[in-house]
file coords07.txt (compact mmCIF, C-alpha atoms)
# COMPACT_ATOMS: atom_id res chain seq x y z
CA MET A 1 -3.57 -15.09 -14.26
CA SER A 2 -2.98 -12.51 -11.53
CA VAL A 3 -3.79 -14.78 -8.58
CA ALA A 4 -3.23 -18.56 -8.52
CA ILE A 5 -5.67 -20.29 -6.17
CA LEU A 6 -4.87 -23.86 -5.18
CA ARG A 7 -6.61 -26.34 -2.94
CA GLN A 8 -4.66 -28.32 -0.41
CA GLY A 9 -6.87 -30.53 1.72
CA ASP A 10 -9.27 -28.28 3.62
CA TYR A 11 -7.26 -25.19 2.79
CA LEU A 12 -7.20 -22.71 -0.05
CA ILE A 13 -3.90 -21.11 -0.99
CA ALA A 14 -4.17 -17.84 -2.92
CA SER A 15 -0.84 -16.85 -4.34
CA ILE A 16 -0.83 -13.34 -5.76
CA GLN A 17 1.38 -13.33 -8.89
CA VAL A 18 1.56 -9.66 -9.87
CA ASP A 19 0.81 -6.27 -8.34
CA LEU A 20 -2.98 -5.84 -8.21
CA SER A 21 -5.22 -2.86 -8.86
CA ASP A 22 -7.86 -1.93 -6.28
CA SER A 23 -10.58 -3.52 -8.42
CA GLN A 24 -8.61 -6.76 -8.67
CA VAL A 25 -8.21 -6.80 -4.88
CA LEU A 26 -11.99 -6.51 -4.47
CA GLU A 27 -12.53 -9.24 -7.11
CA LEU A 28 -10.15 -11.47 -5.17
CA ARG A 29 -12.16 -10.88 -1.98
CA ASP A 30 -15.40 -11.91 -3.68
CA ASP A 31 -13.79 -14.87 -5.45
CA LEU A 32 -12.25 -16.22 -2.23
CA SER A 33 -15.47 -15.82 -0.29
CA ASP A 34 -17.27 -17.79 -3.00
CA ARG A 35 -14.64 -20.55 -3.16
CA ILE A 36 -14.58 -20.99 0.63
CA GLY A 37 -18.24 -21.95 0.44
CA ARG A 38 -17.92 -24.10 -2.67
CA PHE A 39 -14.91 -26.08 -1.44
CA ARG A 40 -15.95 -26.05 2.22
CA ALA A 41 -12.51 -24.68 3.05
CA ARG A 42 -11.53 -24.36 6.72
CA GLY A 43 -8.47 -22.29 6.10
CA LEU A 44 -7.19 -19.67 3.69
CA ILE A 45 -3.61 -18.62 3.03
CA ILE A 46 -2.91 -15.46 1.01
CA ASP A 47 0.65 -14.96 -0.23
CA VAL A 48 1.13 -11.22 -0.78
CA ALA A 49 4.87 -11.22 -1.60
CA ALA A 50 4.20 -10.12 -5.21
CA LEU A 51 2.34 -6.98 -4.15
CA ASP A 52 4.49 -3.92 -4.76
CA VAL A 53 3.15 -2.16 -1.67
CA ILE A 54 0.50 -2.75 0.98
CA ASP A 55 -1.11 0.64 1.35
CA SER A 56 -4.15 1.57 3.45
CA PHE A 57 -6.61 0.21 0.90
CA VAL A 58 -4.88 -3.15 0.43
CA ALA A 59 -4.31 -3.57 4.18
CA ARG A 60 -7.96 -2.81 4.88
CA SER A 61 -9.04 -5.17 2.11
CA LEU A 62 -6.93 -8.02 3.49
CA GLY A 63 -8.61 -7.42 6.85
CA SER A 64 -12.04 -7.56 5.28
CA ILE A 65 -11.12 -10.75 3.38
CA ALA A 66 -10.11 -12.34 6.72
CA ILE A 67 -13.35 -11.25 8.41
CA THR A 68 -15.45 -12.39 5.43
CA ALA A 69 -13.65 -15.75 5.41
CA ARG A 70 -14.29 -16.20 9.13
CA LEU A 71 -17.99 -15.53 8.60
CA ARG A 72 -17.87 -18.25 5.94
CA GLY A 73 -16.19 -20.66 8.36
CA ALA A 74 -12.52 -20.33 7.43
CA GLU A 75 -9.48 -18.87 9.19
CA THR A 76 -7.07 -16.70 7.18
CA VAL A 77 -3.30 -16.40 7.38
CA ILE A 78 -1.37 -13.81 5.36
CA THR A 79 2.13 -14.69 4.31
CA GLY A 80 4.93 -12.98 2.37
CA ILE A 81 4.91 -9.48 3.88
CA GLU A 82 8.38 -8.14 3.02
CA PRO A 83 10.30 -6.20 5.72
CA ASP A 84 10.11 -2.82 3.95
CA VAL A 85 6.41 -3.34 3.21
CA ALA A 86 5.86 -3.99 6.93
CA ILE A 87 7.69 -0.74 7.79
CA ALA A 88 5.37 1.18 5.45
CA MET A 89 2.24 -0.53 6.84
CA VAL A 90 2.78 0.68 10.39
CA GLN A 91 2.68 4.30 9.21
CA PHE A 92 -1.06 3.99 8.68
CA ASP A 93 -3.31 4.02 11.69
CA LEU A 94 -4.85 0.76 10.62
CA ASP A 95 -6.33 -1.85 12.86
CA LEU A 96 -4.18 -4.78 11.80
CA ALA A 97 -5.64 -7.04 14.50
CA PRO A 98 -7.80 -9.11 12.10
CA LEU A 99 -4.67 -10.05 10.15
CA ARG A 100 -2.96 -13.23 11.21
CA THR A 101 0.42 -13.54 9.55
CA ALA A 102 3.15 -16.10 9.02
CA LEU A 103 6.62 -15.71 7.55
CA ASP A 104 6.26 -18.44 4.94
CA LEU A 105 3.93 -21.10 3.60
CA ASP A 106 5.10 -23.84 5.96
CA GLU A 107 4.46 -21.67 9.00
CA ALA A 108 1.12 -20.57 7.58
CA LEU A 109 0.06 -24.21 7.16
CA SER A 110 1.03 -25.17 10.69
CA LEU A 111 -0.68 -22.07 12.08
CA LEU A 112 -3.86 -23.03 10.21
CA ASP A 113 -3.58 -26.59 11.53
CA ARG A 114 -3.51 -25.22 15.08
CA LEU A 115 -6.34 -22.75 14.43
CA THR A 116 -8.66 -25.31 12.89
CA GLN A 117 -7.75 -28.20 15.19
CA GLY A 118 -10.73 -29.56 17.08
CA ALA A 119 -13.18 -27.35 15.25
CA GLY A 120 -12.87 -29.63 12.22
CA GLU A 121 -13.38 -32.91 14.11
CA ASP A 122 -17.03 -33.64 13.71
CA GLY A 123 -16.69 -37.41 14.00
CA ALA A 124 -17.27 -38.03 10.29
CA MET B 1 21.01 14.96 -14.44
CA GLU B 2 17.28 15.64 -14.29
CA HIS B 3 14.78 12.84 -14.22
CA GLU B 4 11.11 13.43 -14.77
CA VAL B 5 8.39 10.80 -15.00
CA ARG B 6 4.75 11.57 -15.70
CA VAL B 7 1.95 9.10 -15.05
CA PRO B 8 -1.62 9.99 -16.03
CA ILE B 9 -4.21 8.76 -13.52
CA THR B 10 -7.64 7.98 -14.91
CA SER B 11 -8.70 4.87 -12.98
CA ASP B 12 -7.59 2.67 -10.10
CA ALA B 13 -5.66 0.51 -12.59
CA ASP B 14 -3.25 3.43 -13.11
CA LEU B 15 -2.07 3.11 -9.50
CA VAL B 16 -0.13 0.02 -10.53
CA PRO B 17 2.19 1.77 -13.04
CA ALA B 18 2.38 4.85 -10.77
CA ARG B 19 3.77 2.73 -7.93
CA ALA B 20 6.15 0.88 -10.25
CA GLU B 21 7.47 4.09 -11.87
CA GLY B 22 7.94 5.71 -8.46
CA ARG B 23 9.86 2.74 -7.13
CA ALA B 24 12.04 2.53 -10.26
CA LEU B 25 12.88 6.24 -10.16
CA ALA B 26 13.62 6.14 -6.42
CA GLN B 27 15.99 3.23 -6.91
CA ALA B 28 17.62 4.88 -9.92
CA LEU B 29 18.28 7.94 -7.76
CA GLY B 30 19.97 5.81 -5.12
CA PHE B 31 17.26 5.52 -2.49
CA SER B 32 17.35 2.39 -0.36
CA GLN B 33 14.93 -0.45 -1.02
CA THR B 34 12.98 0.54 2.11
CA ASP B 35 12.77 4.20 1.08
CA ALA B 36 11.65 3.14 -2.41
CA THR B 37 8.84 1.10 -0.86
CA LEU B 38 7.78 3.99 1.41
CA ILE B 39 7.75 6.31 -1.64
CA ALA B 40 5.77 3.82 -3.76
CA THR B 41 3.25 3.43 -0.92
CA ALA B 42 2.82 7.21 -0.57
CA ILE B 43 2.36 7.51 -4.35
CA SER B 44 -0.29 4.82 -4.21
CA GLU B 45 -2.24 6.80 -1.60
CA ILE B 46 -2.15 10.15 -3.38
CA ALA B 47 -2.96 8.51 -6.73
CA ARG B 48 -6.00 6.88 -5.16
CA ASN B 49 -6.95 10.25 -3.72
CA ILE B 50 -7.08 11.56 -7.32
CA VAL B 51 -9.28 8.68 -8.48
CA VAL B 52 -11.69 9.03 -5.54
CA HIS B 53 -11.99 12.82 -5.37
CA ALA B 54 -11.43 13.91 -8.96
CA ARG B 55 -11.54 10.78 -11.16
CA SER B 56 -8.55 11.88 -13.19
CA GLY B 57 -5.31 13.76 -12.82
CA GLU B 58 -1.60 13.35 -13.15
CA ILE B 59 1.41 12.41 -11.09
CA VAL B 60 4.76 13.99 -11.90
CA MET B 61 7.90 12.67 -10.26
CA THR B 62 11.06 14.75 -10.49
CA SER B 63 14.52 14.40 -9.07
CA ILE B 64 15.91 17.54 -7.48
CA GLN B 65 19.45 18.36 -6.59
CA GLN B 66 20.52 20.76 -3.93
CA PRO B 67 24.12 21.54 -3.01
CA HIS B 68 24.18 18.87 -0.35
CA ARG B 69 21.31 16.56 -0.99
CA TYR B 70 19.23 14.83 -3.62
CA GLY B 71 15.53 14.40 -3.42
CA LEU B 72 12.52 12.99 -5.17
CA VAL B 73 9.55 15.33 -5.50
CA ILE B 74 6.16 13.89 -6.32
CA VAL B 75 3.36 16.19 -7.41
CA ALA B 76 -0.16 14.83 -7.77
CA SER B 77 -2.56 17.25 -9.38
CA ASP B 78 -6.17 17.14 -10.46
CA ALA B 79 -8.85 19.56 -11.56
CA GLY B 80 -11.49 18.02 -9.33
CA PRO B 81 -13.83 19.68 -6.86
CA GLY B 82 -11.17 20.05 -4.17
CA ILE B 83 -11.13 18.43 -0.75
CA PRO B 84 -13.42 20.22 1.70
CA GLN B 85 -11.99 20.67 5.20
CA ILE B 86 -8.52 19.56 4.20
CA ASP B 87 -7.24 20.07 7.77
CA VAL B 88 -9.76 17.51 8.97
CA ALA B 89 -8.87 15.17 6.09
CA LEU B 90 -5.24 15.25 7.20
CA GLU B 91 -6.08 14.31 10.77
CA ARG B 92 -5.39 10.84 12.06
CA GLY B 93 -8.20 8.43 11.56
CA HIS B 94 -10.46 10.78 9.65
CA THR B 95 -12.69 8.86 7.30
CA SER B 96 -14.06 10.34 4.12
CA ARG B 97 -15.85 8.95 1.14
CA ARG B 98 -15.21 5.22 0.61
CA SER B 99 -13.50 5.38 4.00
CA LEU B 100 -10.14 6.29 2.55
CA GLY B 101 -9.33 8.74 5.28
CA LEU B 102 -6.09 7.08 6.29
CA GLY B 103 -4.54 7.70 2.90
CA LEU B 104 -3.33 11.29 3.06
CA PRO B 105 -2.17 11.25 6.70
CA GLY B 106 -0.40 7.95 5.97
CA ALA B 107 1.32 9.39 2.89
CA ARG B 108 2.39 12.40 4.95
CA ARG B 109 4.07 10.17 7.52
CA LEU B 110 5.84 8.17 4.80
CA MET B 111 7.49 11.26 3.24
CA ASP B 112 9.80 13.97 4.59
CA GLU B 113 7.80 16.93 3.29
CA PHE B 114 4.13 17.05 2.46
CA LYS B 115 1.88 19.88 1.33
CA VAL B 116 -1.70 19.96 0.06
CA GLU B 117 -3.23 22.86 -1.83
CA THR B 118 -6.90 22.45 -2.53
CA ASP B 119 -9.47 24.76 -3.98
CA ALA B 120 -13.01 24.12 -5.17
CA ALA B 121 -12.27 26.04 -8.38
CA LYS B 122 -8.75 24.86 -9.14
CA GLY B 123 -8.66 21.32 -7.84
CA THR B 124 -6.10 19.69 -5.60
CA THR B 125 -2.32 19.52 -5.72
CA VAL B 126 -0.35 17.34 -3.35
CA THR B 127 3.40 17.95 -3.28
CA MET B 128 5.60 15.58 -1.31
CA THR B 129 9.33 15.07 -1.11
CA LYS B 130 11.70 12.40 0.12
CA TRP B 131 15.35 13.25 0.61
CA ARG B 132 18.18 10.86 0.13
CA ALA B 133 19.19 9.93 3.65
CA ARG B 134 22.78 9.03 2.81
CA ASP B 135 23.45 12.52 1.48
CA GLU B 136 21.93 14.08 4.56
CA LEU B 137 24.23 11.97 6.62
CA GLU B 138 27.22 13.08 4.54
CA ARG B 139 26.16 16.68 4.96
CA LEU B 140 25.95 16.28 8.72
CA ARG B 141 29.39 14.69 8.75
CA ALA B 142 30.82 17.48 6.60
CA ARG B 143 29.30 20.11 8.87
CA ARG B 144 30.80 18.48 11.92
CA ARG B 145 34.17 18.18 10.20
CA ASP B 146 34.12 21.85 9.20
CA GLY B 147 33.34 22.81 12.77
CA ALA B 148 30.25 24.77 11.78
call {"tool": "encode", "arguments": {"input": "coords07.txt", "output": "structure tokens"}}
result
Amino acid sequence: MSVAILRQGDYLIASIQVDLSDSQVLELRDDLSDRIGRFRARGLIIDVAALDVIDSFVARSLGSIAITARLRGAETVITGIEPDVAIAMVQFDLDLAPLRTALDLDEALSLLDRLTQGAGEDGA
Amino acid sequence: MEHEVRVPITSDADLVPARAEGRALAQALGFSQTDATLIATAISEIARNIVVHARSGEIVMTSIQQPHRYGLVIVASDAGPGIPQIDVALERGHTSRRSLGLGLPGARRLMDEFKVETDAAKGTTVTMTKWRARDELERLRARRRDGA
């Protein structure tokens, strides 16, 4: 399996296991969008540490996953961007604003807790 | 010692081995981990350019040695229809088909040298080079020492 997707409470954690082709990145986008609806997820964490590089296509795709997830009611946090990958990413004139990032899983979880706090309290 | 690695590109799946081969060769030549990532990222962009504009082509990676420096040359060639208005395609923020316009300018910024030859009849060849920074540093030191 190229991406392991786990549920933890209201969150989905997608852990990329191997370097992905462009088609696999697009499949992941569609799969995550579908699962957010099915599991009523409020948050999504994508661990990208296994990606060999984050080039313009992958960076743009991560942005579109985050926007798609938000339209489906979930906030996204990207984790695992290696230092040299970050250096390469800034060479592209990409709008990285839609990407919320955290250094590791723990930070990503607490960031999601803050982002979804209040919004999730519907008195149920 | 000459190293040459050829990776045929026929679909987006071939970007994965192209990146891995580029990184492995860069590291074997002594490039830093960061340089190897920059090289692999640039390879990814020009390989995707082949898939999008020409469907198929080839990437050849070769080590070159000059008296005072070592480099890695990457040549991506295809026999596709060429890239119209290549100057525009190399501009910042230009978007082309499938909105991949950031690819070539991004690859150019990641490498030390970058050249595109494109022709509707002959296809497109991208040649880009990264030099080994440590050797450049040594050369600068040597030049200073020699009082040149």
call {"tool": "interface_residues", "arguments": {"input": "coords07.txt", "of": "chain A", "to": "chain B", "cutoff": "9 Å", "atoms": "all atoms listed in the file", "output": "ChimeraX atom specification"}}
result
/A:19-24,52-57,83-85,87-89,91-94
call {"tool": "residues_around", "arguments": {"input": "coords07.txt", "residues": "Leu115 (chain A)", "least_positions_apart": "3", "cutoff": "8 Å", "atoms": "all atoms listed in the file", "output": "list in words"}}
result
Glu75, Leu111 and Leu112 of chain A
call {"tool": "write_last_selection", "arguments": {"input": "coords07.txt", "atoms": "C-alpha atoms", "output": "PDB file, keeping the file's coordinate frame"}}
result
ATOM      1  CA  GLU A  75      -9.480 -18.870   9.190  1.00  0.00           C
ATOM      2  CA  LEU A 111      -0.680 -22.070  12.080  1.00  0.00           C
ATOM      3  CA  LEU A 112      -3.860 -23.030  10.210  1.00  0.00           C
TER       4      LEU A 112
END
call {"tool": "residues_around", "arguments": {"input": "coords07.txt", "residues": "Leu99 (chain A)", "least_positions_apart": "5", "cutoff": "9 Å", "atoms": "all atoms listed in the file", "output": "ChimeraX atom specification"}}
result
/A:59,62-63,66-67,76-78
call {"tool": "atom_distance", "arguments": {"input": "coords07.txt", "atom1": "CA of Ile13 (chain A)", "atom2": "CA of Ala86 (chain A)"}}
result
21.2 Å
call {"tool": "residues_around", "arguments": {"input": "coords07.txt", "residues": "region 112-129 of chain B", "least_positions_apart": "2", "cutoff": "10 Å", "atoms": "only C-alpha atoms", "output": "ChimeraX atom specification"}}
result
/B:39,42-43,46-47,49-50,53-54,57-64,71-87,90,104-105,107-110,131-132
call {"tool": "residues_around", "arguments": {"input": "coords07.txt", "residues": "Arg38 (chain A)", "least_positions_apart": "4", "cutoff": "12 Å", "atoms": "all atoms listed in the file", "output": "JSON, numbers by chain"}}
result
{"A": [7, 10, 12, 31, 32, 33, 34, 42, 72, 73]}
call {"tool": "atom_distance", "arguments": {"input": "coords07.txt", "atom1": "CA of Gly22 (chain B)", "atom2": "CA of Met111 (chain B)"}}
result
13.0 Å
call {"tool": "atom_distance", "arguments": {"input": "coords07.txt", "atom1": "CA of Asp95 (chain A)", "atom2": "CA of Tyr11 (chain A)"}}
result
25.4 Å
call {"tool": "closest_residue", "arguments": {"input": "coords07.txt", "among": "B:Ala89, B:Glu138, B:Ala18, B:Pro8", "to": "Tyr70 (chain B)", "atoms": "all atoms listed in the file"}}
result
B:Glu138
call {"tool": "residues_around", "arguments": {"input": "coords07.txt", "residues": "Ser2 (chain A)", "least_positions_apart": "2", "cutoff": "10 Å", "atoms": "only C-alpha atoms", "output": "PyMOL selection string"}}
result
chain A and resi 4-5+15-20+24+28+50
call {"tool": "decode", "arguments": {"input": "coords07.txt", "residues": "region 35-60 of chain B", "atoms": "N, CA and C atoms", "output": "CSV table (one decimal), in the first residue's frame"}}
result
chain,number,residue,atom,x,y,z
B,35,ASP,N,21.6,19.5,-2.2
B,35,ASP,CA,21.8,19.6,-3.6
B,35,ASP,C,21.2,18.4,-4.3
B,36,ALA,N,21.3,17.2,-3.8
B,36,ALA,CA,20.7,16.1,-4.4
B,36,ALA,C,19.1,16.2,-4.5
B,37,THR,N,18.6,16.8,-3.4
B,37,THR,CA,17.1,17.1,-3.5
B,37,THR,C,16.7,18.1,-4.5
B,38,LEU,N,17.5,19.2,-4.6
B,38,LEU,CA,17.3,20.2,-5.6
B,38,LEU,C,17.4,19.6,-7.0
B,39,ILE,N,18.4,18.8,-7.2
B,39,ILE,CA,18.6,18.1,-8.5
B,39,ILE,C,17.4,17.2,-8.8
B,40,ALA,N,17.0,16.4,-7.8
B,40,ALA,CA,15.9,15.5,-8.1
B,40,ALA,C,14.6,16.2,-8.4
B,41,THR,N,14.4,17.4,-7.7
B,41,THR,CA,13.2,18.2,-7.9
B,41,THR,C,13.2,18.7,-9.4
B,42,ALA,N,14.4,19.2,-9.8
B,42,ALA,CA,14.5,19.8,-11.2
B,42,ALA,C,14.2,18.7,-12.2
B,43,ILE,N,14.8,17.5,-11.9
B,43,ILE,CA,14.5,16.4,-12.8
B,43,ILE,C,13.0,16.0,-12.9
B,44,SER,N,12.4,16.1,-11.8
B,44,SER,CA,11.0,15.8,-11.8
B,44,SER,C,10.2,16.8,-12.7
B,45,GLU,N,10.6,18.0,-12.6
B,45,GLU,CA,9.9,19.0,-13.4
B,45,GLU,C,10.1,18.8,-14.9
B,46,ILE,N,11.4,18.6,-15.3
B,46,ILE,CA,11.6,18.5,-16.8
B,46,ILE,C,11.1,17.1,-17.3
B,47,ALA,N,11.0,16.1,-16.4
B,47,ALA,CA,10.5,14.8,-16.9
B,47,ALA,C,9.0,15.0,-17.1
B,48,ARG,N,8.3,15.8,-16.2
B,48,ARG,CA,6.9,16.0,-16.4
B,48,ARG,C,6.6,16.8,-17.6
B,49,ASN,N,7.5,17.7,-17.9
B,49,ASN,CA,7.4,18.5,-19.1
B,49,ASN,C,7.4,17.6,-20.4
B,50,ILE,N,8.2,16.6,-20.3
B,50,ILE,CA,8.2,15.6,-21.4
B,50,ILE,C,6.8,14.9,-21.5
B,51,VAL,N,6.3,14.5,-20.4
B,51,VAL,CA,5.1,13.7,-20.4
B,51,VAL,C,3.9,14.6,-20.9
B,52,VAL,N,3.9,15.9,-20.5
B,52,VAL,CA,2.8,16.8,-20.8
B,52,VAL,C,2.9,17.2,-22.3
B,53,HIS,N,4.1,17.6,-22.7
B,53,HIS,CA,4.2,18.2,-24.1
B,53,HIS,C,4.5,17.2,-25.2
B,54,ALA,N,5.1,16.1,-24.8
B,54,ALA,CA,5.6,15.1,-25.9
B,54,ALA,C,5.2,13.7,-25.6
B,55,ARG,N,4.6,13.4,-24.5
B,55,ARG,CA,4.2,12.1,-24.1
B,55,ARG,C,5.4,11.1,-23.7
B,56,SER,N,6.5,11.2,-24.6
B,56,SER,CA,7.6,10.3,-24.3
B,56,SER,C,8.9,10.9,-24.7
B,57,GLY,N,9.9,10.5,-24.0
B,57,GLY,CA,11.3,11.0,-24.3
B,57,GLY,C,12.3,10.3,-23.4
B,58,GLU,N,13.4,11.0,-23.1
B,58,GLU,CA,14.4,10.3,-22.4
B,58,GLU,C,15.2,11.3,-21.5
B,59,ILE,N,15.6,10.9,-20.4
B,59,ILE,CA,16.5,11.7,-19.5
B,59,ILE,C,17.8,11.0,-19.4
B,60,VAL,N,18.9,11.8,-19.7
B,60,VAL,CA,20.2,11.2,-19.6
B,60,VAL,C,21.0,12.1,-18.6
